[in-house]
file final-v3.cif (mmCIF, C-alpha atoms and all ligand atoms)
data_input
#
loop_
_atom_site.group_PDB
_atom_site.id
_atom_site.type_symbol
_atom_site.label_atom_id
_atom_site.label_comp_id
_atom_site.auth_asym_id
_atom_site.auth_seq_id
_atom_site.Cartn_x
_atom_site.Cartn_y
_atom_site.Cartn_z
ATOM 1 C CA MET A 1 14.064 18.215 -8.911
ATOM 2 C CA ALA A 2 15.414 14.969 -10.370
ATOM 3 C CA ASP A 3 15.063 14.277 -14.057
ATOM 4 C CA PRO A 4 12.255 11.660 -14.322
ATOM 5 C CA GLN A 5 13.992 10.034 -17.320
ATOM 6 C CA SER A 6 17.169 9.408 -15.327
ATOM 7 C CA ILE A 7 15.148 7.756 -12.530
ATOM 8 C CA SER A 8 13.376 5.632 -15.141
ATOM 9 C CA ASP A 9 16.678 4.731 -16.874
ATOM 10 C CA HIS A 10 18.137 3.695 -13.553
ATOM 11 C CA TRP A 11 15.344 1.201 -12.895
ATOM 12 C CA GLY A 12 14.694 -0.351 -16.262
ATOM 13 C CA ARG A 13 15.757 0.008 -19.880
ATOM 14 C CA GLY A 14 14.895 -1.976 -22.987
ATOM 15 C CA ASP A 15 12.581 -4.941 -23.090
ATOM 16 C CA VAL A 16 12.111 -5.836 -19.427
ATOM 17 C CA PHE A 17 9.200 -8.169 -20.222
ATOM 18 C CA SER A 18 11.360 -10.334 -22.515
ATOM 19 C CA MET A 19 14.061 -10.479 -19.854
ATOM 20 C CA VAL A 20 11.523 -11.710 -17.282
ATOM 21 C CA LEU A 21 10.068 -14.160 -19.822
ATOM 22 C CA ASP A 22 13.514 -15.597 -20.620
ATOM 23 C CA ALA A 23 14.283 -16.038 -16.909
ATOM 24 C CA MET A 24 10.886 -17.672 -16.419
ATOM 25 C CA LYS A 25 11.568 -20.184 -19.182
ATOM 26 C CA ALA A 26 15.114 -20.845 -17.886
ATOM 27 C CA ALA A 27 13.581 -21.667 -14.500
ATOM 28 C CA GLY A 28 11.178 -24.142 -16.149
ATOM 29 C CA ILE A 29 8.035 -22.027 -15.708
ATOM 30 C CA ASP A 30 5.587 -22.198 -18.631
ATOM 31 C CA PRO A 31 4.376 -18.643 -19.498
ATOM 32 C CA ALA A 32 1.109 -20.144 -20.832
ATOM 33 C CA THR A 33 0.160 -21.437 -17.390
ATOM 34 C CA VAL A 34 2.151 -19.151 -15.060
ATOM 35 C CA THR A 35 0.418 -18.147 -11.819
ATOM 36 C CA ILE A 36 0.870 -15.073 -9.621
ATOM 37 C CA ALA A 37 2.503 -17.349 -7.024
ATOM 38 C CA GLN A 38 5.097 -18.449 -9.601
ATOM 39 C CA LEU A 39 5.801 -14.795 -10.549
ATOM 40 C CA ALA A 40 6.233 -13.760 -6.905
ATOM 41 C CA PRO A 41 10.021 -14.317 -6.627
ATOM 42 C CA VAL A 42 10.558 -11.611 -9.289
ATOM 43 C CA ASP A 43 7.622 -9.242 -9.256
ATOM 44 C CA HIS A 44 7.663 -8.022 -5.627
ATOM 45 C CA PHE A 45 10.592 -5.707 -6.228
ATOM 46 C CA HIS A 46 11.529 -4.512 -2.745
ATOM 47 C CA ALA A 47 13.409 -5.716 0.340
ATOM 48 C CA ARG A 48 12.188 -9.186 1.421
ATOM 49 C CA GLY A 49 9.996 -9.452 -1.685
ATOM 50 C CA PHE A 50 6.671 -11.263 -1.442
ATOM 51 C CA PRO A 51 6.712 -11.932 2.347
ATOM 52 C CA ALA A 52 6.903 -8.162 2.937
ATOM 53 C CA THR A 53 3.939 -7.523 0.599
ATOM 54 C CA LYS A 54 1.930 -10.251 2.322
ATOM 55 C CA GLU A 55 2.663 -8.871 5.799
ATOM 56 C CA LEU A 56 1.631 -5.387 4.680
ATOM 57 C CA ALA A 57 -1.542 -6.744 3.065
ATOM 58 C CA ASP A 58 -2.401 -8.585 6.306
ATOM 59 C CA ILE A 59 -2.768 -5.264 8.132
ATOM 60 C CA LEU A 60 -4.312 -3.067 5.422
ATOM 61 C CA PRO A 61 -8.090 -2.542 5.654
ATOM 62 C CA ILE A 62 -8.847 -3.601 2.052
ATOM 63 C CA ARG A 63 -12.339 -4.929 1.301
ATOM 64 C CA GLN A 64 -13.802 -6.740 -1.684
ATOM 65 C CA GLY A 65 -14.607 -4.271 -4.473
ATOM 66 C CA ASP A 66 -12.317 -1.522 -3.116
ATOM 67 C CA HIS A 67 -10.342 0.649 -5.534
ATOM 68 C CA VAL A 68 -6.692 0.788 -4.487
ATOM 69 C CA LEU A 69 -3.740 2.711 -5.950
ATOM 70 C CA ASP A 70 -0.158 1.382 -6.118
ATOM 71 C CA ILE A 71 2.179 4.369 -6.589
ATOM 72 C CA GLY A 72 5.499 3.272 -8.110
ATOM 73 C CA CYS A 73 4.114 -0.190 -8.817
ATOM 74 C CA GLY A 74 7.174 -1.567 -10.650
ATOM 75 C CA ILE A 75 6.312 -4.647 -12.700
ATOM 76 C CA GLY A 76 3.066 -5.019 -10.774
ATOM 77 C CA GLY A 77 3.453 -8.032 -8.463
ATOM 78 C CA PRO A 78 1.941 -6.360 -5.379
ATOM 79 C CA ALA A 79 -0.953 -4.924 -7.439
ATOM 80 C CA ARG A 80 -1.802 -8.372 -8.875
ATOM 81 C CA TYR A 81 -1.487 -10.027 -5.466
ATOM 82 C CA LEU A 82 -3.876 -7.561 -3.777
ATOM 83 C CA ALA A 83 -6.389 -7.667 -6.650
ATOM 84 C CA ASP A 84 -6.448 -11.450 -6.490
ATOM 85 C CA ARG A 85 -6.436 -11.780 -2.689
ATOM 86 C CA PHE A 86 -9.104 -9.162 -1.923
ATOM 87 C CA ASP A 87 -11.084 -9.302 -5.178
ATOM 88 C CA CYS A 88 -10.512 -5.573 -5.506
ATOM 89 C CA GLN A 89 -9.541 -3.193 -8.313
ATOM 90 C CA VAL A 90 -5.928 -1.974 -8.344
ATOM 91 C CA ASP A 91 -4.578 0.877 -10.441
ATOM 92 C CA GLY A 92 -0.813 1.155 -10.657
ATOM 93 C CA ILE A 93 1.394 3.998 -11.804
ATOM 94 C CA ASP A 94 5.136 3.900 -12.413
ATOM 95 C CA ILE A 95 7.649 6.308 -13.914
ATOM 96 C CA THR A 96 9.585 3.540 -15.720
ATOM 97 C CA GLU A 97 7.937 2.781 -19.083
ATOM 98 C CA PRO A 98 9.655 -0.626 -19.594
ATOM 99 C CA PHE A 99 8.299 -1.704 -16.184
ATOM 100 C CA VAL A 100 4.787 -0.538 -17.112
ATOM 101 C CA GLU A 101 4.922 -2.553 -20.362
ATOM 102 C CA ALA A 102 6.186 -5.623 -18.510
ATOM 103 C CA ALA A 103 3.566 -5.130 -15.766
ATOM 104 C CA ASN A 104 0.666 -5.064 -18.228
ATOM 105 C CA LYS A 105 1.942 -8.091 -20.175
ATOM 106 C CA LEU A 106 2.459 -10.096 -16.959
ATOM 107 C CA THR A 107 -1.051 -9.095 -15.828
ATOM 108 C CA GLN A 108 -2.425 -10.465 -19.121
ATOM 109 C CA LEU A 109 -0.461 -13.705 -18.693
ATOM 110 C CA VAL A 110 -2.205 -14.373 -15.362
ATOM 111 C CA GLY A 111 -5.615 -13.168 -16.643
ATOM 112 C CA LEU A 112 -6.033 -10.238 -14.227
ATOM 113 C CA GLU A 113 -6.379 -7.434 -16.786
ATOM 114 C CA GLY A 114 -9.992 -6.797 -15.707
ATOM 115 C CA ARG A 115 -8.856 -5.915 -12.194
ATOM 116 C CA VAL A 116 -5.352 -4.430 -12.567
ATOM 117 C CA THR A 117 -4.615 -1.379 -14.737
ATOM 118 C CA ILE A 118 -1.096 0.012 -14.915
ATOM 119 C CA GLN A 119 -0.049 3.289 -16.506
ATOM 120 C CA CYS A 120 3.125 5.295 -16.875
ATOM 121 C CA GLY A 121 3.301 8.408 -14.739
ATOM 122 C CA ASP A 122 4.948 10.289 -11.893
ATOM 123 C CA GLY A 123 3.717 9.959 -8.313
ATOM 124 C CA GLN A 124 4.496 13.666 -7.852
ATOM 125 C CA LYS A 125 1.708 14.514 -10.329
ATOM 126 C CA LEU A 126 -0.977 11.821 -10.389
ATOM 127 C CA LEU A 127 -3.280 11.306 -13.380
ATOM 128 C CA TYR A 128 -6.387 10.606 -11.303
ATOM 129 C CA ASP A 129 -9.389 12.643 -10.168
ATOM 130 C CA ASP A 130 -9.845 13.753 -6.546
ATOM 131 C CA GLU A 131 -11.104 11.284 -3.902
ATOM 132 C CA VAL A 132 -11.387 8.151 -6.053
ATOM 133 C CA PHE A 133 -9.365 5.561 -4.102
ATOM 134 C CA ASP A 134 -10.156 3.608 -0.922
ATOM 135 C CA GLY A 135 -6.455 3.246 -0.191
ATOM 136 C CA ALA A 136 -3.003 3.769 -1.666
ATOM 137 C CA TYR A 137 0.476 2.456 -1.024
ATOM 138 C CA ALA A 138 4.040 3.040 -2.241
ATOM 139 C CA GLN A 139 6.544 0.277 -1.545
ATOM 140 C CA HIS A 140 10.193 1.343 -1.822
ATOM 141 C CA VAL A 141 9.528 4.291 -4.136
ATOM 142 C CA THR A 142 10.118 7.461 -2.123
ATOM 143 C CA MET A 143 13.910 7.007 -1.964
ATOM 144 C CA ASN A 144 13.819 8.504 -5.504
ATOM 145 C CA VAL A 145 11.281 11.240 -4.781
ATOM 146 C CA ALA A 146 12.724 14.756 -4.684
ATOM 147 C CA ASP A 147 9.462 16.523 -3.895
ATOM 148 C CA ARG A 148 7.818 14.669 -1.054
ATOM 149 C CA ASP A 149 5.282 17.436 -0.469
ATOM 150 C CA SER A 150 3.929 16.923 -3.998
ATOM 151 C CA PHE A 151 4.112 13.115 -3.730
ATOM 152 C CA PHE A 152 2.219 12.984 -0.413
ATOM 153 C CA GLY A 153 -0.091 15.854 -1.414
ATOM 154 C CA GLU A 154 -1.085 14.018 -4.593
ATOM 155 C CA ALA A 155 -1.700 10.758 -2.692
ATOM 156 C CA PHE A 156 -3.873 12.710 -0.231
ATOM 157 C CA ARG A 157 -5.803 14.385 -3.054
ATOM 158 C CA VAL A 158 -6.800 11.156 -4.843
ATOM 159 C CA LEU A 159 -7.840 9.333 -1.635
ATOM 160 C CA LYS A 160 -11.393 9.304 -0.295
ATOM 161 C CA PRO A 161 -11.820 10.605 3.285
ATOM 162 C CA GLY A 162 -11.035 7.742 5.684
ATOM 163 C CA ALA A 163 -8.792 5.948 3.154
ATOM 164 C CA PHE A 164 -5.419 4.457 4.148
ATOM 165 C CA PHE A 165 -1.983 5.380 2.839
ATOM 166 C CA ALA A 166 0.938 2.968 3.380
ATOM 167 C CA LEU A 167 4.581 3.538 2.684
ATOM 168 C CA THR A 168 7.718 1.418 2.938
ATOM 169 C CA GLU A 169 11.127 2.948 2.374
ATOM 170 C CA HIS A 170 14.762 3.196 3.355
ATOM 171 C CA GLY A 171 14.812 6.384 5.410
ATOM 172 C CA LEU A 172 18.026 8.226 6.142
ATOM 173 C CA GLY A 173 19.738 6.857 9.256
ATOM 174 C CA ALA A 174 21.369 8.766 12.117
ATOM 175 C CA ALA A 175 24.878 8.330 10.621
ATOM 176 C CA GLY A 176 23.812 9.437 7.090
ATOM 177 C CA SER A 177 25.929 9.125 3.906
ATOM 178 C CA PRO A 178 24.783 5.704 2.587
ATOM 179 C CA HIS A 179 27.302 3.570 0.675
ATOM 180 C CA HIS A 180 26.556 3.174 -3.050
ATOM 181 C CA PRO A 181 25.532 1.486 -5.254
ATOM 182 C CA VAL A 182 22.205 0.581 -3.664
ATOM 183 C CA PRO A 183 19.087 -0.655 -5.474
ATOM 184 C CA TRP A 184 17.691 2.886 -5.917
ATOM 185 C CA SER A 185 20.911 4.649 -7.007
ATOM 186 C CA ASP A 186 24.326 3.802 -8.441
ATOM 187 C CA ASP A 187 26.217 6.742 -6.949
ATOM 188 C CA GLY A 188 23.779 8.913 -5.002
ATOM 189 C CA THR A 189 22.253 10.467 -8.134
ATOM 190 C CA GLY A 190 18.461 10.523 -7.912
ATOM 191 C CA ALA A 191 18.497 9.526 -4.234
ATOM 192 C CA PHE A 192 16.487 11.721 -1.856
ATOM 193 C CA LEU A 193 16.475 9.943 1.486
ATOM 194 C CA VAL A 194 15.115 11.751 4.516
ATOM 195 C CA THR A 195 14.842 10.619 8.135
ATOM 196 C CA PRO A 196 11.651 8.857 9.233
ATOM 197 C CA SER A 197 10.791 11.822 11.476
ATOM 198 C CA GLU A 198 11.065 14.172 8.492
ATOM 199 C CA THR A 199 8.769 11.857 6.519
ATOM 200 C CA GLU A 200 6.276 11.962 9.390
ATOM 201 C CA VAL A 201 6.332 15.767 9.347
ATOM 202 C CA ARG A 202 5.779 15.784 5.562
ATOM 203 C CA LEU A 203 2.852 13.341 5.846
ATOM 204 C CA GLU A 204 1.244 15.518 8.532
ATOM 205 C CA LYS A 205 1.763 18.590 6.361
ATOM 206 C CA ALA A 206 -0.078 16.819 3.514
ATOM 207 C CA GLY A 207 -3.001 16.245 5.921
ATOM 208 C CA PHE A 208 -2.527 12.601 6.941
ATOM 209 C CA ALA A 209 -3.372 11.479 10.487
ATOM 210 C CA GLY A 210 -2.932 8.387 12.662
ATOM 211 C CA ILE A 211 0.660 7.989 11.461
ATOM 212 C CA GLU A 212 2.207 4.708 12.657
ATOM 213 C CA VAL A 213 5.918 4.158 11.997
ATOM 214 C CA THR A 214 7.414 0.665 12.313
ATOM 215 C CA ASP A 215 11.145 0.026 12.092
ATOM 216 C CA THR A 216 11.775 -2.733 9.527
ATOM 217 C CA GLY A 217 15.608 -2.692 9.661
ATOM 218 C CA ASP A 218 16.105 -6.066 11.375
ATOM 219 C CA LYS A 219 13.753 -7.866 9.011
ATOM 220 C CA TYR A 220 15.374 -6.317 5.939
ATOM 221 C CA LEU A 221 18.815 -7.189 7.234
ATOM 222 C CA GLU A 222 17.769 -10.813 7.625
ATOM 223 C CA GLY A 223 16.418 -10.816 4.046
ATOM 224 C CA TYR A 224 19.550 -9.227 2.565
ATOM 225 C CA LYS A 225 21.844 -11.570 4.481
ATOM 226 C CA GLY A 226 19.888 -14.583 3.214
ATOM 227 C CA ALA A 227 20.320 -13.363 -0.381
ATOM 228 C CA MET A 228 24.037 -12.658 0.201
ATOM 229 C CA ALA A 229 24.586 -16.180 1.574
ATOM 230 C CA LEU A 230 22.907 -17.723 -1.482
ATOM 231 C CA ALA A 231 24.962 -15.514 -3.845
ATOM 232 C CA GLU A 232 28.226 -16.539 -2.123
ATOM 233 C CA LYS A 233 27.350 -20.218 -2.596
ATOM 234 C CA GLY A 234 26.345 -19.540 -6.213
ATOM 235 C CA GLU A 235 22.820 -20.663 -5.362
ATOM 236 C CA LEU A 236 20.748 -17.609 -6.270
ATOM 237 C CA PRO A 237 17.567 -18.844 -8.018
ATOM 238 C CA LEU A 238 17.337 -18.408 -11.798
ATOM 239 C CA PHE A 239 14.048 -16.561 -11.263
ATOM 240 C CA GLY A 240 14.654 -13.970 -8.551
ATOM 241 C CA VAL A 241 14.397 -10.229 -7.984
ATOM 242 C CA HIS A 242 18.158 -9.836 -8.554
ATOM 243 C CA ILE A 243 17.551 -10.122 -12.321
ATOM 244 C CA LEU A 244 15.945 -6.645 -12.184
ATOM 245 C CA LEU A 245 18.946 -5.149 -10.346
ATOM 246 C CA GLY A 246 21.465 -5.830 -13.108
ATOM 247 C CA LYS A 247 25.132 -6.784 -12.944
ATOM 248 C CA THR A 248 25.823 -4.861 -9.735
ATOM 249 C CA ALA A 249 23.063 -6.694 -7.824
ATOM 250 C CA PRO A 250 25.529 -8.283 -5.328
ATOM 251 C CA GLN A 251 27.120 -4.908 -4.438
ATOM 252 C CA LYS A 252 23.706 -3.232 -4.188
ATOM 253 C CA ILE A 253 22.424 -5.892 -1.802
ATOM 254 C CA ARG A 254 25.631 -5.869 0.257
ATOM 255 C CA ASN A 255 25.533 -2.069 0.601
ATOM 256 C CA ALA A 256 21.823 -2.066 1.449
ATOM 257 C CA ALA A 257 22.632 -4.411 4.357
ATOM 258 C CA ARG A 258 25.772 -2.522 5.421
ATOM 259 C CA ASN A 259 23.911 0.806 5.402
ATOM 260 C CA ILE A 260 21.343 -0.560 7.840
ATOM 261 C CA GLU A 261 24.010 -2.064 10.102
ATOM 262 C CA GLU A 262 25.970 1.216 10.166
ATOM 263 C CA GLN A 263 22.784 3.285 10.690
ATOM 264 C CA ARG A 264 23.336 5.113 7.419
ATOM 265 C CA THR A 265 19.781 4.148 6.471
ATOM 266 C CA ARG A 266 16.766 3.370 8.630
ATOM 267 C CA PRO A 267 14.080 1.341 6.858
ATOM 268 C CA VAL A 268 10.495 1.889 7.955
ATOM 269 C CA GLN A 269 6.926 0.962 7.190
ATOM 270 C CA ILE A 270 4.461 3.800 7.704
ATOM 271 C CA ILE A 271 0.686 3.549 7.740
ATOM 272 C CA CYS A 272 -1.641 6.516 8.070
ATOM 273 C CA ARG A 273 -5.025 7.693 6.853
ATOM 274 C CA LYS A 274 -6.812 10.627 5.303
ATOM 275 C CA PRO A 275 -9.089 11.953 8.053
ATOM 276 C CA VAL A 276 -12.857 11.936 7.631
ATOM 277 C CA GLN A 277 -13.768 15.640 7.733
HETATM 278 C C1 LIG B 301 12.156 -0.769 -5.828
HETATM 279 S S1 LIG B 301 11.056 -0.512 -7.136
HETATM 280 C C2 LIG B 301 9.526 -0.960 -6.296
HETATM 281 C C3 LIG B 301 8.451 -1.419 -7.249
HETATM 282 C C4 LIG B 301 7.162 -1.858 -6.564
HETATM 283 N N1 LIG B 301 6.659 -0.830 -5.666
HETATM 284 C C5 LIG B 301 7.355 -3.143 -5.817
HETATM 285 O O1 LIG B 301 7.448 -3.075 -4.583
HETATM 286 O O2 LIG B 301 7.406 -4.203 -6.454
HETATM 287 C C6 LIG B 301 10.919 1.277 -7.199
HETATM 288 C C7 LIG B 301 9.951 1.752 -8.253
HETATM 289 O O3 LIG B 301 9.612 3.114 -8.024
HETATM 290 C C8 LIG B 301 9.412 3.712 -9.295
HETATM 291 N N2 LIG B 301 9.464 5.174 -9.120
HETATM 292 C C9 LIG B 301 10.501 5.921 -8.660
HETATM 293 N N3 LIG B 301 10.145 7.211 -8.609
HETATM 294 C C10 LIG B 301 8.873 7.289 -9.038
HETATM 295 C C11 LIG B 301 7.942 8.356 -9.197
HETATM 296 N N4 LIG B 301 8.263 9.625 -8.925
HETATM 297 N N5 LIG B 301 6.702 8.063 -9.644
HETATM 298 C C12 LIG B 301 6.358 6.800 -9.946
HETATM 299 N N6 LIG B 301 7.194 5.754 -9.830
HETATM 300 C C13 LIG B 301 8.424 5.996 -9.365
HETATM 301 C C14 LIG B 301 10.528 3.115 -10.130
HETATM 302 O O4 LIG B 301 10.299 3.260 -11.492
HETATM 303 C C15 LIG B 301 10.493 1.648 -9.669
HETATM 304 O O5 LIG B 301 9.628 0.886 -10.440
#
call {"tool": "encode", "arguments": {"input": "final-v3.cif", "output": "structure tokens", "more": "lines below"}}
Ligand SMILES: C[S@@+](CC[C@H](N)C(=O)[O-])C[C@H]1O[C@@H](n2cnc3c(N)ncnc32)[C@H](O)[C@@H]1O
result
Amino acid sequence: MADPQSISDHWGRGDVFSMVLDAMKAAGIDPATVTIAQLAPVDHFHARGFPATKELADILPIRQGDHVLDIGCGIGGPARYLADRFDCQVDGIDITEPFVEAANKLTQLVGLEGRVTIQCGDGQKLLYDDEVFDGAYAQHVTMNVADRDSFFGEAFRVLKPGAFFALTEHGLGAAGSPHHPVPWSDDGTGAFLVTPSETEVRLEKAGFAGIEVTDTGDKYLEGYKGAMALAEKGELPLFGVHILLGKTAPQKIRNAARNIEEQRTRPVQIICRKPVQ
């Protein structure tokens, strides 16, 4: 089992909110009037950023008034986007306290605190009662999850019968042994990648059905290569997701792309549901 503090330290230390605020101001965005669209380049913290969240949202069966859970919500961009788009309630949980603080402050800035609630916690042991959510998702979280049976079992437990569960991740590829650093690990510490077929088996074991696996490697590769081209020309935006990746952001992005090309990783999107008894 990985030490939760080391996973948290990897993702975010110190005052993450102030760092985002400073970048916002440097990019000429006024925090007093900032919108969720203006936050989008930073707060969708996964491969391809906001377009990937939007594409996922397009196919999720979320209805007005639903109660949705974002497991490993980061600084909360996807949670705010879904709450605003579907007029639903989104709870978020993340293991990284500085991200949770930043998430709640950003939610206040855009006036969504009535619909988005974010707390610190571990997806392997959720804080919620049984069968309370209409759907749950985890975007780019499970690469750091040592105990997938607990993670998926907990998601299953808190979902109502018939609810959806969606997952995006870098699975382990056929060639294995990913190059590091990558966004989720500097040197392999705290990284627990498994193949997409193993993930499918684990989801079935937790009780999920209707499991649909989509390969997202080509799309991610396109996204990473776009970011690499901008970095080479020195044209990365002042307000972009790379600010959350730290000084080694260029190496992390380059390795994430190389791992896909060399089949060391195999990114996937997985959607399934909790059966109605
Ligand atoms: C790449 S970021 C993705 C953040 C968010 N899902 C998004 O797409 O914007 C990975 C996140 O997973 C969180 N995380 C990793 N392991 C976790 C766990 N066991 N429980 C909750 N959060 C976890 C990290 O703290 C980090 O915020």
call {"tool": "atom_distance", "arguments": {"input": "final-v3.cif", "atom1": "atom C11 of ligand LIG 301 (chain B)", "atom2": "atom CA of Phe164 of chain A"}}
result
19.3 Å
call {"tool": "residues_around", "arguments": {"input": "final-v3.cif", "residues": "segment 174-184 of chain A", "least_positions_apart": "3", "cutoff": "8 Å", "atoms": "all atoms listed in the file", "output": "list in words"}}
result
His10, Trp11, Met143, Asn144, Asp187, Gly188, Gly190, Ala191, Thr195, Leu245, Thr248, Ala249, Gln251, Lys252, Ile253, Asn255, Ala256, Arg258, Asn259, Glu262, Gln263, Arg264, Thr265 and Arg266 of chain A
call {"tool": "closest_residue", "arguments": {"input": "final-v3.cif", "among": "A:Asp94, A:Asp186, A:Asp218, A:Asp129", "to": "ligand LIG 301 (chain B)", "atoms": "all atoms listed in the file"}}
result
A:Asp94
call {"tool": "closest_residue", "arguments": {"input": "final-v3.cif", "among": "A:Asp43, A:Asp84, A:Asp58, A:Glu212", "to": "Ala102 of chain A", "atoms": "all atoms listed in the file"}}
result
A:Asp43
call {"tool": "atom_distance", "arguments": {"input": "final-v3.cif", "atom1": "atom CA of Ala32 of chain A", "atom2": "atom CA of Leu238 of chain A"}}
result
18.7 Å
call {"tool": "closest_residue", "arguments": {"input": "final-v3.cif", "among": "A:Leu112, A:Val276, A:Val241, A:Ala52", "to": "Gly162 of chain A", "atoms": "only C-alpha atoms"}}
result
A:Val276
call {"tool": "residues_around", "arguments": {"input": "final-v3.cif", "residues": "segment 67-70 of chain A", "least_positions_apart": "6", "cutoff": "9 Å", "atoms": "only C-alpha atoms", "output": "number ranges by chain"}}
result
A: 76, 78-79, 82-83, 88-94, 118, 132-139, 155, 159
call {"tool": "write_last_selection", "arguments": {"input": "final-v3.cif", "atoms": "C-alpha atoms", "output": "mmCIF file, keeping the file's coordinate frame"}}
result
data_model
loop_
_atom_site.group_PDB
_atom_site.id
_atom_site.type_symbol
_atom_site.label_atom_id
_atom_site.label_comp_id
_atom_site.auth_asym_id
_atom_site.auth_seq_id
_atom_site.Cartn_x
_atom_site.Cartn_y
_atom_site.Cartn_z
ATOM 1 C CA GLY A 76 3.066 -5.019 -10.774
ATOM 2 C CA PRO A 78 1.941 -6.360 -5.379
ATOM 3 C CA ALA A 79 -0.953 -4.924 -7.439
ATOM 4 C CA LEU A 82 -3.876 -7.561 -3.777
ATOM 5 C CA ALA A 83 -6.389 -7.667 -6.650
ATOM 6 C CA CYS A 88 -10.512 -5.573 -5.506
ATOM 7 C CA GLN A 89 -9.541 -3.193 -8.313
ATOM 8 C CA VAL A 90 -5.928 -1.974 -8.344
ATOM 9 C CA ASP A 91 -4.578 0.877 -10.441
ATOM 10 C CA GLY A 92 -0.813 1.155 -10.657
ATOM 11 C CA ILE A 93 1.394 3.998 -11.804
ATOM 12 C CA ASP A 94 5.136 3.900 -12.413
ATOM 13 C CA ILE A 118 -1.096 0.012 -14.915
ATOM 14 C CA VAL A 132 -11.387 8.151 -6.053
ATOM 15 C CA PHE A 133 -9.365 5.561 -4.102
ATOM 16 C CA ASP A 134 -10.156 3.608 -0.922
ATOM 17 C CA GLY A 135 -6.455 3.246 -0.191
ATOM 18 C CA ALA A 136 -3.003 3.769 -1.666
ATOM 19 C CA TYR A 137 0.476 2.456 -1.024
ATOM 20 C CA ALA A 138 4.040 3.040 -2.241
ATOM 21 C CA GLN A 139 6.544 0.277 -1.545
ATOM 22 C CA ALA A 155 -1.700 10.758 -2.692
ATOM 23 C CA LEU A 159 -7.840 9.333 -1.635
#
call {"tool": "residues_around", "arguments": {"input": "final-v3.cif", "residues": "Asp215 of chain A", "least_positions_apart": "2", "cutoff": "8 Å", "atoms": "all atoms listed in the file", "output": "PyMOL selection string"}}
result
chain A and resi 213+217-218+266-269
call {"tool": "write_last_selection", "arguments": {"input": "final-v3.cif", "atoms": "C-alpha atoms", "output": "PDB file, in the frame of the given file"}}
result
ATOM      1  CA  VAL A 213       5.918   4.158  11.997  1.00  0.00           C
ATOM      2  CA  GLY A 217      15.608  -2.692   9.661  1.00  0.00           C
ATOM      3  CA  ASP A 218      16.105  -6.066  11.375  1.00  0.00           C
ATOM      4  CA  ARG A 266      16.766   3.370   8.630  1.00  0.00           C
ATOM      5  CA  PRO A 267      14.080   1.341   6.858  1.00  0.00           C
ATOM      6  CA  VAL A 268      10.495   1.889   7.955  1.00  0.00           C
ATOM      7  CA  GLN A 269       6.926   0.962   7.190  1.00  0.00           C
TER       8      GLN A 269
END
call {"tool": "axis_aligned_box", "arguments": {"input": "final-v3.cif", "around": "ligand LIG 301 (chain B)", "padding_each_side": "5 Å", "output": "lines of an AutoDock Vina configuration file"}}
result
center_x = 9.3
center_y = 2.7
center_z = -8.0
size_x = 15.8
size_y = 23.8
size_z = 16.9
